[in-house]
$ cat work_20.csv   # CSV, C-alpha atoms
chain,number,residue,atom,x,y,z
A,1259,MET,CA,0.0,0.0,0.0
A,1260,VAL,CA,1.4,3.4,-1.0
A,1261,LEU,CA,1.2,5.8,1.9
A,1262,ALA,CA,0.7,9.4,0.8
A,1263,ARG,CA,2.5,10.8,3.9
A,1264,HIS,CA,5.8,9.0,2.9
A,1265,GLU,CA,5.6,10.6,-0.6
A,1266,MET,CA,4.6,14.0,0.9
A,1267,GLY,CA,7.6,13.8,3.3
A,1268,GLU,CA,10.0,13.1,0.4
A,1269,VAL,CA,8.6,15.9,-1.7
A,1270,LEU,CA,8.8,18.4,1.1
A,1271,ARG,CA,12.4,17.3,1.8
A,1272,ASP,CA,13.3,17.5,-1.9
A,1273,VAL,CA,11.9,21.0,-2.3
A,1274,ARG,CA,13.8,22.1,0.8
A,1275,LEU,CA,17.1,20.7,-0.3
A,1276,ARG,CA,16.7,22.1,-3.8
A,1277,ARG,CA,16.4,25.5,-2.2
A,1278,GLY,CA,19.4,24.8,0.0
A,1279,ASP,CA,17.4,25.4,3.2
A,1280,THR,CA,18.0,23.7,6.5
A,1281,LEU,CA,15.2,22.1,8.5
A,1282,ARG,CA,15.7,24.8,11.1
A,1283,GLN,CA,15.1,27.6,8.6
A,1284,VAL,CA,11.9,26.1,7.2
A,1285,ALA,CA,10.6,25.2,10.6
A,1286,GLY,CA,11.2,28.7,11.8
A,1287,ARG,CA,9.6,30.4,8.9
A,1288,ALA,CA,6.6,28.0,9.0
A,1289,SER,CA,6.3,28.3,12.8
A,1290,VAL,CA,6.4,24.5,13.1
A,1291,ALA,CA,8.5,22.7,15.7
A,1292,LEU,CA,11.7,21.4,14.2
A,1293,GLY,CA,11.2,17.9,15.4
A,1294,TYR,CA,7.7,17.8,14.0
A,1295,LEU,CA,8.8,19.0,10.6
A,1296,SER,CA,11.5,16.3,10.6
A,1297,GLU,CA,8.9,13.6,11.4
A,1298,ILE,CA,6.7,14.9,8.6
A,1299,GLU,CA,9.7,14.8,6.1
A,1300,ARG,CA,10.4,11.2,7.2
A,1301,GLY,CA,6.8,10.2,6.6
A,1302,GLN,CA,6.2,9.4,10.3
A,1303,LYS,CA,3.5,12.1,10.9
A,1304,GLU,CA,0.6,13.2,8.8
A,1305,ALA,CA,0.8,17.0,8.3
A,1306,SER,CA,-2.5,18.8,8.8
A,1307,SER,CA,-3.7,21.0,6.0
A,1308,GLU,CA,-2.8,24.1,8.0
A,1309,ILE,CA,0.7,23.0,8.5
A,1310,LEU,CA,1.1,22.0,4.9
A,1311,ALA,CA,0.0,25.4,3.8
A,1312,SER,CA,2.5,27.1,6.2
A,1313,VAL,CA,5.4,24.8,5.1
A,1314,ALA,CA,4.6,25.4,1.4
A,1315,GLU,CA,4.7,29.1,2.0
A,1316,ALA,CA,7.9,28.8,4.0
A,1317,LEU,CA,9.4,27.0,1.0
A,1318,ASP,CA,8.1,29.7,-1.4
A,1319,THR,CA,6.4,26.8,-3.3
A,1320,PRO,CA,2.8,26.7,-4.4
A,1321,LEU,CA,0.9,24.0,-2.6
A,1322,SER,CA,-0.5,22.9,-5.9
A,1323,GLN,CA,3.1,22.0,-7.1
A,1324,ILE,CA,3.6,20.0,-3.9
A,1325,TYR,CA,0.4,18.0,-4.5
A,1326,HIS,CA,1.3,17.4,-8.2
A,1327,GLU,CA,4.8,16.2,-7.2
A,1328,VAL,CA,3.2,13.9,-4.6
A,1329,GLY,CA,0.9,12.6,-7.3
A,1330,ASP,CA,3.8,12.0,-9.7
A,1331,ARG,CA,5.7,10.0,-7.0
A,1332,ILE,CA,2.6,7.9,-6.2
A,1333,ALA,CA,2.1,7.3,-9.9
A,1334,GLY,CA,5.7,5.9,-10.1
A,1335,HIS,CA,4.9,3.4,-7.3
A,1336,GLU,CA,1.6,2.5,-9.0
A,1337,ARG,CA,3.5,1.8,-12.3
A,1338,ALA,CA,6.1,-0.3,-10.4
A,1339,ALA,CA,3.4,-2.3,-8.8
A,1340,MET,CA,1.8,-2.9,-12.2
A,1341,ARG,CA,5.0,-4.1,-13.7
A,1342,GLU,CA,5.5,-6.5,-10.7
A,1343,ARG,CA,2.0,-7.9,-11.2
A,1344,ARG,CA,2.7,-8.4,-14.9
A,1345,PHE,CA,6.1,-10.0,-14.2
A,1346,ALA,CA,4.4,-12.4,-11.8
A,1347,GLY,CA,2.4,-13.6,-14.8
A,1348,VAL,CA,-0.8,-12.9,-13.0
A,1349,ILE,CA,-2.1,-10.6,-15.8
A,1350,PRO,CA,-1.3,-11.2,-19.4
A,1351,ASP,CA,0.2,-8.3,-21.5
A,1352,THR,CA,-2.9,-8.1,-23.6
A,1353,VAL,CA,-4.9,-6.6,-20.7
A,1354,PRO,CA,-4.6,-2.7,-20.9
A,1355,ASP,CA,-2.7,-0.9,-18.2
A,1356,GLU,CA,-5.9,1.0,-17.1
A,1357,LEU,CA,-7.5,-2.3,-16.2
A,1358,VAL,CA,-4.4,-3.6,-14.4
A,1359,ALA,CA,-4.3,-0.4,-12.4
A,1360,SER,CA,-7.8,-0.8,-11.2
A,1361,VAL,CA,-7.4,-4.2,-9.6
A,1362,GLY,CA,-5.9,-4.9,-6.2
A,1363,PRO,CA,-2.4,-6.3,-5.2
A,1364,VAL,CA,-1.2,-9.6,-6.5
A,1365,ASP,CA,-2.3,-11.7,-3.5
A,1366,ALA,CA,-5.8,-10.2,-3.9
A,1367,VAL,CA,-5.9,-11.3,-7.5
A,1368,SER,CA,-4.5,-14.8,-7.2
A,1369,GLY,CA,-6.2,-15.5,-3.8
B,744,MET,CA,-5.3,30.0,3.0
B,745,VAL,CA,-6.2,27.1,0.8
B,746,LEU,CA,-6.8,24.0,3.0
B,747,ALA,CA,-5.9,20.8,1.2
B,748,ARG,CA,-8.5,18.8,3.1
B,749,HIS,CA,-11.3,20.9,1.6
B,750,GLU,CA,-10.0,20.1,-1.9
B,751,MET,CA,-9.4,16.5,-1.1
B,752,GLY,CA,-13.0,16.2,0.2
B,753,GLU,CA,-14.4,17.7,-3.0
B,754,VAL,CA,-12.3,15.4,-5.2
B,755,LEU,CA,-13.3,12.3,-3.3
B,756,ARG,CA,-16.9,13.3,-3.6
B,757,ASP,CA,-16.6,14.1,-7.3
B,758,VAL,CA,-15.0,10.8,-8.1
B,759,ARG,CA,-17.7,9.0,-6.1
B,760,LEU,CA,-20.6,10.8,-7.8
B,761,ARG,CA,-19.0,10.3,-11.3
B,762,ARG,CA,-19.1,6.6,-10.5
B,763,GLY,CA,-22.7,6.8,-9.2
B,764,ASP,CA,-21.8,5.4,-5.9
B,765,THR,CA,-23.4,6.2,-2.6
B,766,LEU,CA,-21.5,7.2,0.5
B,767,ARG,CA,-22.7,3.9,2.1
B,768,GLN,CA,-21.3,1.8,-0.7
B,769,VAL,CA,-17.8,3.5,-0.6
B,770,ALA,CA,-17.7,3.5,3.2
B,771,GLY,CA,-18.5,-0.2,3.2
B,772,ARG,CA,-15.9,-1.2,0.6
B,773,ALA,CA,-13.3,0.9,2.2
B,774,SER,CA,-14.2,-0.3,5.8
B,775,VAL,CA,-14.5,3.3,6.9
B,776,ALA,CA,-17.4,4.6,9.1
B,777,LEU,CA,-20.0,6.3,7.0
B,778,GLY,CA,-20.1,9.4,9.2
B,779,TYR,CA,-16.3,9.7,9.0
B,780,LEU,CA,-16.2,9.4,5.2
B,781,SER,CA,-18.9,12.1,5.1
B,782,GLU,CA,-16.8,14.4,7.3
B,783,ILE,CA,-13.8,13.8,5.0
B,784,GLU,CA,-15.8,14.6,1.9
B,785,ARG,CA,-17.0,17.8,3.6
B,786,GLY,CA,-13.4,18.8,4.4
B,787,GLN,CA,-14.1,18.6,8.1
B,788,LYS,CA,-11.6,15.8,8.9
B,789,GLU,CA,-8.1,15.1,7.6
B,790,ALA,CA,-8.0,11.6,6.1
B,791,SER,CA,-5.0,9.6,7.2
B,792,SER,CA,-2.8,8.1,4.5
B,793,GLU,CA,-4.2,4.6,5.3
B,794,ILE,CA,-7.8,5.7,4.9
B,795,LEU,CA,-7.0,7.6,1.7
B,796,ALA,CA,-5.5,4.5,0.2
B,797,SER,CA,-8.6,2.4,1.2
B,798,VAL,CA,-11.0,5.0,-0.1
B,799,ALA,CA,-9.1,5.3,-3.4
B,800,GLU,CA,-9.2,1.5,-3.8
B,801,ALA,CA,-12.9,1.5,-3.0
B,802,LEU,CA,-13.4,4.1,-5.7
B,803,ASP,CA,-11.3,2.0,-8.2
B,804,THR,CA,-9.3,5.1,-8.7
B,805,PRO,CA,-5.5,5.4,-8.6
B,806,LEU,CA,-4.4,7.5,-5.6
B,807,SER,CA,-2.0,9.4,-7.9
B,808,GLN,CA,-5.1,10.6,-9.9
B,809,ILE,CA,-6.7,11.8,-6.7
B,810,TYR,CA,-3.6,13.7,-5.7
B,811,HIS,CA,-3.3,15.2,-9.2
B,812,GLU,CA,-6.9,16.4,-9.1
B,813,VAL,CA,-6.4,17.9,-5.7
B,814,GLY,CA,-3.3,19.7,-7.1
B,815,ASP,CA,-5.4,21.0,-10.0
B,816,ARG,CA,-8.1,22.3,-7.7
B,817,ILE,CA,-5.5,24.0,-5.4
B,818,ALA,CA,-3.9,25.5,-8.6
B,819,GLY,CA,-7.2,27.0,-9.5
B,820,HIS,CA,-7.5,28.7,-6.1
B,821,GLU,CA,-3.9,30.0,-6.4
B,822,ARG,CA,-4.7,31.5,-9.8
B,823,ALA,CA,-7.8,33.1,-8.4
B,824,ALA,CA,-5.9,34.6,-5.5
B,825,MET,CA,-3.3,35.9,-8.0
B,826,ARG,CA,-6.0,37.6,-10.1
B,827,GLU,CA,-7.4,39.2,-7.0
B,828,ARG,CA,-4.0,40.6,-6.0
B,829,ARG,CA,-3.6,42.0,-9.5
B,830,PHE,CA,-7.1,43.4,-9.5
B,831,ALA,CA,-6.4,45.1,-6.2
B,832,GLY,CA,-3.6,47.0,-8.0
B,833,VAL,CA,-1.0,45.8,-5.6
B,834,ILE,CA,1.1,44.2,-8.3
B,835,PRO,CA,1.3,45.7,-11.9
B,836,ASP,CA,0.7,43.5,-14.9
B,837,THR,CA,4.3,43.7,-16.0
B,838,VAL,CA,5.4,41.5,-13.1
B,839,PRO,CA,5.4,37.9,-14.3
B,840,ASP,CA,2.9,35.4,-12.8
B,841,GLU,CA,5.7,33.3,-11.2
B,842,LEU,CA,6.8,36.2,-9.1
B,843,VAL,CA,3.2,37.1,-8.1
B,844,ALA,CA,2.7,33.5,-7.1
B,845,SER,CA,5.7,33.5,-4.8
B,846,VAL,CA,4.6,36.5,-2.6
B,847,GLY,CA,2.1,36.3,0.2
B,848,PRO,CA,-1.5,37.4,0.4
B,849,VAL,CA,-2.5,41.0,-0.3
B,850,ASP,CA,-2.3,42.2,3.3
B,851,ALA,CA,1.2,40.8,3.7
B,852,VAL,CA,2.3,42.7,0.5
B,853,SER,CA,0.7,46.1,1.4
B,854,GLY,CA,1.3,45.9,5.1
$ encode --input "work_20.csv" --output "structure tokens"
Amino acid sequence: MVLARHEMGEVLRDVRLRRGDTLRQVAGRASVALGYLSEIERGQKEASSEILASVAEALDTPLSQIYHEVGDRIAGHERAAMRERRFAGVIPDTVPDELVASVGPVDAVSG
Amino acid sequence: MVLARHEMGEVLRDVRLRRGDTLRQVAGRASVALGYLSEIERGQKEASSEILASVAEALDTPLSQIYHEVGDRIAGHERAAMRERRFAGVIPDTVPDELVASVGPVDAVSG
């Protein structure tokens, strides 16, 4: 199961590092505790919508861009899971990707 | 401030209605309490990553698509806020949109 908070954490960390900011700088500007921001980046805590908005602003990055990047990362995991299912021979190559994407994990299909 | 949970709720509701599903059907398939799913759709509760994954699966919709749709909706709000700022005459039209997007709300600019 892809957990959105893991991808959100990676995206927030990527954006911060691309800007060359430290955790401390972003936490300060966003008025979020440093330890809490660190847990969000590591995907250990869900960020509330209010905190996400503050962190996005502290990163000078539109929240929409952050959501799109999270969507892109999740899509990468979904494609990888699809390839795995095909590789396991559960679904023949003649079945279109859209249909493969809509079914559950391998054990749900073969069980 | 755009709150992501409001947009997430709207997207989940839109996807459900496009499929012609009832709240009860989706809540049942996702093993989520009906009242809780309803609060998520109304943007009153943050959905945890685990619940989001279950609801996406119950809607036969890739989680990546849901995140992209949320990003699109947030982008719409960001563009509207940008137009408002321009309309208020705070920022002249010669300033590129990217720069306008990176500044704070009107009161932060004029204050």
$ closest_residue --input "work_20.csv" --among "A:Asp1272, A:Glu1315, A:Glu1299, A:Glu1336" --to "B:Val745" --atoms "only C-alpha atoms"
A:Glu1315
$ residues_around --input "work_20.csv" --residues "stretch 1288-1291 of chain A" --least-positions-apart "5" --cutoff "6 Å" --atoms "all atoms listed in the file" --output "list in words"
Ser1312, Val1313 and Ala1316 of chain A
$ closest_atom_pairs --input "work_20.csv" --of "chain A" --to "chain B" --cutoff "12 Å" --atoms "all atoms listed in the file" --output "tab-separated table"
residue	atom	partner	partner_atom	distance
A:Met1259	CA	B:Ala796	CA	7.1
A:Val1260	CA	B:Ala796	CA	7.1
A:Leu1261	CA	B:Ser792	CA	5.3
A:Ala1262	CA	B:Ser792	CA	5.3
A:Arg1263	CA	B:Ser792	CA	6.0
A:His1264	CA	B:Ser792	CA	8.8
A:Glu1265	CA	B:Ser792	CA	10.1
A:Met1266	CA	B:Ser792	CA	10.1
A:Gly1267	CA	B:Ser792	CA	11.9
A:Gly1301	CA	B:Ser792	CA	10.0
A:Gln1302	CA	B:Ser792	CA	10.8
A:Lys1303	CA	B:Ser791	CA	9.6
A:Glu1304	CA	B:Ser791	CA	6.8
A:Ala1305	CA	B:Glu789	CA	9.1
A:Ser1306	CA	B:Glu789	CA	6.8
A:Ser1307	CA	B:Leu746	CA	5.3
A:Glu1308	CA	B:Leu746	CA	6.4
A:Ile1309	CA	B:Leu746	CA	9.4
A:Leu1310	CA	B:Ala747	CA	8.0
A:Ala1311	CA	B:Leu746	CA	7.0
A:Ser1312	CA	B:Met744	CA	8.9
A:Ala1314	CA	B:Ser845	CA	10.3
A:Glu1315	CA	B:Gly847	CA	7.9
A:Ala1316	CA	B:Gly847	CA	10.2
A:Leu1317	CA	B:Ser845	CA	9.5
A:Asp1318	CA	B:Ser845	CA	5.6
A:Thr1319	CA	B:Ser845	CA	6.9
A:Pro1320	CA	B:Ala844	CA	7.3
A:Leu1321	CA	B:Ile817	CA	7.0
A:Ser1322	CA	B:Gly814	CA	4.4
A:Gln1323	CA	B:Gly814	CA	6.8
A:Ile1324	CA	B:Gly814	CA	7.6
A:Tyr1325	CA	B:Gly814	CA	4.8
A:His1326	CA	B:His811	CA	5.2
A:Glu1327	CA	B:His811	CA	8.4
A:Val1328	CA	B:Tyr810	CA	6.9
A:Gly1329	CA	B:Ser807	CA	4.4
A:Asp1330	CA	B:Ser807	CA	6.6
A:Arg1331	CA	B:Ser807	CA	7.8
A:Ile1332	CA	B:Ser807	CA	5.1
A:Ala1333	CA	B:Ser807	CA	5.0
A:Gly1334	CA	B:Ser807	CA	8.7
A:His1335	CA	B:Ser807	CA	9.2
A:Glu1336	CA	B:Pro805	CA	7.7
A:Arg1337	CA	B:Ser807	CA	10.4
A:Ala1339	CA	B:Pro805	CA	11.8
A:Met1340	CA	B:Pro805	CA	11.6
A:Asp1355	CA	B:Pro805	CA	11.8
A:Glu1356	CA	B:Pro805	CA	9.6
A:Leu1357	CA	B:Asp803	CA	9.8
A:Val1358	CA	B:Pro805	CA	10.8
A:Ala1359	CA	B:Pro805	CA	7.0
A:Ser1360	CA	B:Asp803	CA	5.4
A:Val1361	CA	B:Asp803	CA	7.5
A:Gly1362	CA	B:Glu800	CA	7.6
A:Pro1363	CA	B:Glu800	CA	10.4
$ calpha_fit_rmsd --input "work_20.csv" --fixed "chain B" --moving "chain A"
0.1 Å
$ residues_around --input "work_20.csv" --residues "A:Leu1275" --least-positions-apart "5" --cutoff "12 Å" --atoms "all atoms listed in the file" --output "compact mmCIF listing (two decimals) with C-alpha atoms, in the frame of the given file"
# COMPACT_ATOMS: atom_id res chain seq x y z
CA GLU A 1268 10.00 13.10 0.40
CA VAL A 1269 8.60 15.90 -1.70
CA LEU A 1270 8.80 18.40 1.10
CA THR A 1280 18.00 23.70 6.50
CA LEU A 1281 15.20 22.10 8.50
CA GLN A 1283 15.10 27.60 8.60
CA VAL A 1284 11.90 26.10 7.20
CA GLU A 1299 9.70 14.80 6.10
CA LEU A 1317 9.40 27.00 1.00
$ atom_distance --input "work_20.csv" --atom1 "atom CA of B:Arg756" --atom2 "atom CA of B:Ser781"
9.0 Å
$ atom_distance --input "work_20.csv" --atom1 "atom CA of A:Ile1298" --atom2 "atom CA of A:Arg1274"
12.8 Å
$ atom_distance --input "work_20.csv" --atom1 "atom CA of A:Arg1341" --atom2 "atom CA of A:Pro1354"
12.1 Å
$ build_atoms --input "work_20.csv" --residues "stretch 1278-1301 of chain A" --atoms "N, CA and C atoms" --output "PDB file, in the coordinates of the input"
ATOM      1  N   GLY A1278      18.261  24.656  -0.847  1.00  0.00           N
ATOM      2  CA  GLY A1278      19.400  24.800   0.000  1.00  0.00           C
ATOM      3  C   GLY A1278      19.056  25.266   1.424  1.00  0.00           C
ATOM      4  N   ASP A1279      17.825  25.012   1.857  1.00  0.00           N
ATOM      5  CA  ASP A1279      17.400  25.400   3.200  1.00  0.00           C
ATOM      6  C   ASP A1279      17.651  24.303   4.210  1.00  0.00           C
ATOM      7  N   THR A1280      17.857  24.713   5.457  1.00  0.00           N
ATOM      8  CA  THR A1280      18.000  23.700   6.500  1.00  0.00           C
ATOM      9  C   THR A1280      16.570  23.490   7.115  1.00  0.00           C
ATOM     10  N   LEU A1281      16.411  22.351   7.798  1.00  0.00           N
ATOM     11  CA  LEU A1281      15.200  22.100   8.500  1.00  0.00           C
ATOM     12  C   LEU A1281      14.833  23.228   9.448  1.00  0.00           C
ATOM     13  N   ARG A1282      15.868  23.725  10.157  1.00  0.00           N
ATOM     14  CA  ARG A1282      15.700  24.800  11.100  1.00  0.00           C
ATOM     15  C   ARG A1282      15.096  26.044  10.491  1.00  0.00           C
ATOM     16  N   GLN A1283      15.622  26.402   9.316  1.00  0.00           N
ATOM     17  CA  GLN A1283      15.100  27.600   8.600  1.00  0.00           C
ATOM     18  C   GLN A1283      13.666  27.475   8.247  1.00  0.00           C
ATOM     19  N   VAL A1284      13.318  26.327   7.658  1.00  0.00           N
ATOM     20  CA  VAL A1284      11.900  26.100   7.200  1.00  0.00           C
ATOM     21  C   VAL A1284      10.990  26.065   8.396  1.00  0.00           C
ATOM     22  N   ALA A1285      11.395  25.318   9.435  1.00  0.00           N
ATOM     23  CA  ALA A1285      10.600  25.200  10.600  1.00  0.00           C
ATOM     24  C   ALA A1285      10.320  26.587  11.237  1.00  0.00           C
ATOM     25  N   GLY A1286      11.350  27.401  11.259  1.00  0.00           N
ATOM     26  CA  GLY A1286      11.200  28.700  11.800  1.00  0.00           C
ATOM     27  C   GLY A1286      10.249  29.597  11.022  1.00  0.00           C
ATOM     28  N   ARG A1287      10.433  29.618   9.701  1.00  0.00           N
ATOM     29  CA  ARG A1287       9.600  30.400   8.900  1.00  0.00           C
ATOM     30  C   ARG A1287       8.116  29.941   8.897  1.00  0.00           C
ATOM     31  N   ALA A1288       7.931  28.609   9.026  1.00  0.00           N
ATOM     32  CA  ALA A1288       6.600  28.000   9.000  1.00  0.00           C
ATOM     33  C   ALA A1288       5.964  28.014  10.412  1.00  0.00           C
ATOM     34  N   SER A1289       6.742  28.412  11.426  1.00  0.00           N
ATOM     35  CA  SER A1289       6.300  28.300  12.800  1.00  0.00           C
ATOM     36  C   SER A1289       5.815  26.920  13.182  1.00  0.00           C
ATOM     37  N   VAL A1290       6.642  25.956  12.806  1.00  0.00           N
ATOM     38  CA  VAL A1290       6.400  24.500  13.100  1.00  0.00           C
ATOM     39  C   VAL A1290       7.586  24.058  13.932  1.00  0.00           C
ATOM     40  N   ALA A1291       7.350  23.209  14.926  1.00  0.00           N
ATOM     41  CA  ALA A1291       8.500  22.700  15.700  1.00  0.00           C
ATOM     42  C   ALA A1291       9.401  21.888  14.810  1.00  0.00           C
ATOM     43  N   LEU A1292      10.698  22.059  15.006  1.00  0.00           N
ATOM     44  CA  LEU A1292      11.700  21.400  14.200  1.00  0.00           C
ATOM     45  C   LEU A1292      11.533  19.891  14.161  1.00  0.00           C
ATOM     46  N   GLY A1293      11.315  19.307  15.334  1.00  0.00           N
ATOM     47  CA  GLY A1293      11.200  17.900  15.400  1.00  0.00           C
ATOM     48  C   GLY A1293       9.945  17.357  14.678  1.00  0.00           C
ATOM     49  N   TYR A1294       8.905  18.157  14.709  1.00  0.00           N
ATOM     50  CA  TYR A1294       7.700  17.800  14.000  1.00  0.00           C
ATOM     51  C   TYR A1294       7.862  17.824  12.513  1.00  0.00           C
ATOM     52  N   LEU A1295       8.515  18.886  12.012  1.00  0.00           N
ATOM     53  CA  LEU A1295       8.800  19.000  10.600  1.00  0.00           C
ATOM     54  C   LEU A1295       9.659  17.814  10.129  1.00  0.00           C
ATOM     55  N   SER A1296      10.619  17.457  10.973  1.00  0.00           N
ATOM     56  CA  SER A1296      11.500  16.300  10.600  1.00  0.00           C
ATOM     57  C   SER A1296      10.701  15.029  10.539  1.00  0.00           C
ATOM     58  N   GLU A1297       9.749  14.844  11.461  1.00  0.00           N
ATOM     59  CA  GLU A1297       8.900  13.600  11.400  1.00  0.00           C
ATOM     60  C   GLU A1297       8.026  13.621  10.163  1.00  0.00           C
ATOM     61  N   ILE A1298       7.540  14.806   9.778  1.00  0.00           N
ATOM     62  CA  ILE A1298       6.700  14.900   8.600  1.00  0.00           C
ATOM     63  C   ILE A1298       7.593  14.522   7.347  1.00  0.00           C
ATOM     64  N   GLU A1299       8.807  15.064   7.287  1.00  0.00           N
ATOM     65  CA  GLU A1299       9.700  14.800   6.100  1.00  0.00           C
ATOM     66  C   GLU A1299      10.024  13.271   6.080  1.00  0.00           C
ATOM     67  N   ARG A1300      10.120  12.630   7.246  1.00  0.00           N
ATOM     68  CA  ARG A1300      10.400  11.200   7.200  1.00  0.00           C
ATOM     69  C   ARG A1300       9.185  10.336   7.070  1.00  0.00           C
ATOM     70  N   GLY A1301       8.029  10.983   6.883  1.00  0.00           N
ATOM     71  CA  GLY A1301       6.800  10.200   6.600  1.00  0.00           C
ATOM     72  C   GLY A1301       6.228   9.581   7.860  1.00  0.00           C
TER      73      GLY A1301
END
